[in-house]
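Chemist: This is the structure I want to talk about, given as C-alpha cells.
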Amino acid sequence: MMTQRTISLNENSYRALKKLKKKSETYSDLIVRLCNLQNPVLNDPLLEFSGIFSEDEELWEEIENFIQNHRQSHLTNEDIREE
C-alpha cells in the first residue's frame, strides 16, 4: 500500500503544474520528475557504477593503462596521417 499525503496549492501553482503534467503522468510523477530536473545527479544512471573498482585497484590500473595506451596509439596514428 502506498502512503498518501495531501498538500495544498494556491490556484497559480496548480495551473502551473497542470501545464507541465503529461497525459500519462500523475501529479506525484510530475513532482518527482521536476525534482530530478533540479538535481540531475539523483537521476544519473552512471551513479550505479560509482566506486565499482574501489575493491580492485590493480584491475583499475590495468584498465587505465589500456585506455592511455589506446589514446597514445590513436594520437600517434593521427600524427602520421597528417604528414
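Residues in the C-alpha cells are numbered from 1 in each chain, the chains being A, B, ... in the order shown, and ligands are numbered from 1 in the order shown.
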At a cut-off of 12 Å, using only C-alpha atoms, what residues contact stretch 4-16 of chain A? Leave out same-chain residues fewer than 3 positions from it and give the result as an NGL selection string.
Modeler: :A and (1 or 19-21 or 27-28 or 30-31)
Chemist: Using DSSP assignments from the backbone, pull out every residue in chain A that falls under helix (DSSP H, G or I) and give it to me as a VMD selection string.
Modeler: chain A and resid 11 to 20 27 to 38 40 to 43 45 to 49 57 to 82
Chemist: For atom CA of A:Arg71 and atom CA of A:Asp56, determine how far apart the two atoms are, in Å to one decimal place.
Modeler: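 Computed distance, atom CA of A:Arg71 to atom CA of A:Asp56, equals 23.0 Å.
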Chemist: How many Å lie between atom CA of A:Asn69 and atom CA of A:Leu47, rounded to one decimal?
Modeler: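 Separation between atom CA of A:Asn69 and atom CA of A:Leu47: 26.4 Å.
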